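Take a look at the structure set out below.
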Amino acid sequence: KRKAVLPMPLYLVGLGLGDEKDITVRGLEVVRQAQSVYLESYTSILGVDKEKLEAFYGRGIEIADRDFVEMRAEEMLDGGETGDVALLVVGDPLCATTHTDLMLRARQRGVDVKVIYNASVMGAAGACGLQLYSFGATVSIPFFRENWRPSSFYPKIQSNLDGGMHTLCLLDIKVKEPDYDALAKGGRMKFLPPRFMTVAQAADQLLEVARGREAPCYDENTIGVGMARLGQDDAFIAVGTLKDLTETDCGAPLHCMVICGVLHPLEKEFLTFYAVNEEAKQAILEAGSEAPAEHK
């Protein structure tokens, strides 16, 4: 009998947060020897373009957008029957549920999955001075639309704040978003320009949700942290009230933000270095240092 040939491994390779040089040595070895290399391009973006990655890695890379990863992943997994396949992921591969789903589908087909970890925003958020073990559940903030203004993130923020915990907010990005208006007019499928939510937009949406609550768990005076381009040379951090952040320009993407819970004195001292103004610095120093009474 002919011996069954097992599929070659699928490698999920973290690229880190900065540029082409943030890949690990092991990750680079995998990329250079893999038969096929894909770059996942919709859960996050890197600070450099695909061509710069190709030049540094010494090989070609195929872009894998949302449709490819979620609907046509079998094409990528089929390649593993003849050689290694590597999917490059900005940050760390296991910080997005999409990649967990891909791992499950691969294993259901008998494909071995190997993960090569790297830095992610989950750890880099500590750059502002907040202690990572004081964070609660992470939430995602989607772009509001005229008739769609979800607030499913609010209960998690409330739960975190009730326990005195900080909340990391990951902000929406839209890459290769279909232009349905053009399609409805009988035209060909077109894609809208990429959009990346800013800290100012996120703070404004968060406050809109809070204003719709009878007793909101946060308000415009709550301390927040805006961060942009973490892991890159021009990383930017701004700290102030949520109202301050609605008026703060953090520059180019990607952005994320934190809604602060109970602040330790060391956290307060660190945050003041990034205060947007003197009033914000004073607000940081005066912020509560004790958990809510029901959690003491």
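To be explicit about the labels: the chains of the structure tokens are called A, B, and onward in the order shown, and within each one the residues are counted from 1, while ligands get numbers from 1 in the order they are shown.
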Could you pull out the residues in range 127-260 of chain A that DSSP calls helix (DSSP H, G or I) from the backbone, as a count of residues only? 36
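CA of Ala125 in chain A sits 22.4 Å away from CA of Gln282 in chain A.
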Neighbour list for range 203-219 of chain A as number ranges by chain, cut-off 12 Å, only C-alpha atoms, skip fewer than 2 positions in-chain: A: 139-145, 149-164, 166-167, 169-172, 197-201, 221-226, 240-249, 255-261, 292
If I take CA of Met8 in chain A and CA of Ala73 in chain A, how far is one from the other in Å, to one decimal?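 Rounded to one decimal, the two atoms are 15.2 Å apart.
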Using only C-alpha atoms, which protein or nucleic acid residues come within 12 Å of Val25 in chain A? Drop anything in the same chain fewer than 3 positions from it, and give the result as a ChimeraX atom specification. /A:13-15,20-22,28-32,57,116-118
Please dump the current selection as a compact mmCIF listing (two decimals), in the first residue's frame; keep N, CA and C atoms.
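Generated file (again.txt):
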```txt
# COMPACT_ATOMS: atom_id res chain seq x y z
N VAL A 13 3.13 33.08 11.96
CA VAL A 13 4.36 33.79 12.34
C VAL A 13 4.04 35.22 12.76
N GLY A 14 4.29 35.54 14.01
CA GLY A 14 4.11 36.90 14.49
C GLY A 14 5.20 37.82 13.98
N LEU A 15 4.80 39.01 13.56
CA LEU A 15 5.76 39.98 13.02
C LEU A 15 6.13 41.08 14.00
N GLU A 20 9.97 45.60 9.41
CA GLU A 20 10.39 44.29 8.89
C GLU A 20 11.42 43.60 9.78
N LYS A 21 12.12 44.35 10.62
CA LYS A 21 13.19 43.76 11.43
C LYS A 21 12.69 43.21 12.77
N ASP A 22 11.39 43.35 13.05
CA ASP A 22 10.86 42.86 14.32
C ASP A 22 10.56 41.37 14.32
N LEU A 28 12.00 34.24 10.86
CA LEU A 28 12.66 34.54 9.59
C LEU A 28 13.12 33.26 8.90
N GLU A 29 13.61 32.31 9.67
CA GLU A 29 14.04 31.03 9.10
C GLU A 29 12.86 30.32 8.45
N VAL A 30 11.70 30.34 9.11
CA VAL A 30 10.51 29.69 8.55
C VAL A 30 10.09 30.38 7.26
N VAL A 31 10.05 31.71 7.28
CA VAL A 31 9.61 32.46 6.10
C VAL A 31 10.52 32.16 4.90
N ARG A 32 11.80 32.08 5.12
CA ARG A 32 12.73 31.90 4.01
C ARG A 32 12.70 30.49 3.42
N TYR A 57 13.01 39.86 3.68
CA TYR A 57 12.87 38.42 3.83
C TYR A 57 13.48 37.65 2.66
N ILE A 116 4.66 30.90 16.05
CA ILE A 116 5.88 31.61 16.41
C ILE A 116 5.46 32.97 16.95
N TYR A 117 5.60 33.13 18.25
CA TYR A 117 5.05 34.29 18.95
C TYR A 117 5.91 35.54 18.74
N ASN A 118 5.28 36.70 19.06
CA ASN A 118 5.99 37.97 18.96
C ASN A 118 5.28 39.00 19.84
```
Could you go through range 153-205 of chain A and tell me which residues DSSP, when run on the backbone, assigns to strand (DSSP E), listing them as a list in words? Thr167, Leu168, Cys169, Leu170, Leu171, Ile173, Lys174, Glu177, Pro178, Phe191, Leu192, Arg195 and Phe196 of chain A
Using only C-alpha atoms, I'd like a table of the residues in range 24-44 of chain A that come within 12 Å of range 184-194 of chain A; for each, show the closest atom pair and its distance in Å rounded to one decimal, ordered by chain and ascending number, as a tab-separated table.
```
residue	atom	partner	partner_atom	distance
A:Ser41	CA	A:Pro194	CA	11.4
A:Tyr42	CA	A:Pro194	CA	10.0
A:Ser44	CA	A:Pro194	CA	11.7
```
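Counting from CA of Arg109 in chain A, the distance to CA of Arg59 in chain A is 27.6 Å.
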Env of His99 in chain A: 10 Å cut, atoms = only C-alpha atoms, seq-sep filter 6 positions within chain, self excluded. Answer as a ChimeraX atom specification. /A:12,40,43,69-70,87,89,93,105
Considering only C-alpha atoms, state which residue in the set A:Leu104, A:Val115, A:Ala124, A:Leu254 is at the smallest distance from Arg26 in chain A. A:Val115
Using only C-alpha atoms, which of the listed residues (A:Lys176, A:Lys50, A:Lys114, A:Arg66) sits closest to Leu94 in chain A?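 Of A:Lys176, A:Lys50, A:Lys114, A:Arg66, the one nearest Leu94 in chain A, counting only C-alpha atoms, is A:Lys114.
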Select, from A:Leu10, A:Leu77, A:Cys128, A:Ile173, the residue with the minimum atom-to-atom distance to Glu269 in chain A, counting only C-alpha atoms.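 Comparing A:Leu10, A:Leu77, A:Cys128, A:Ile173 against Glu269 in chain A, the winner is A:Cys128.
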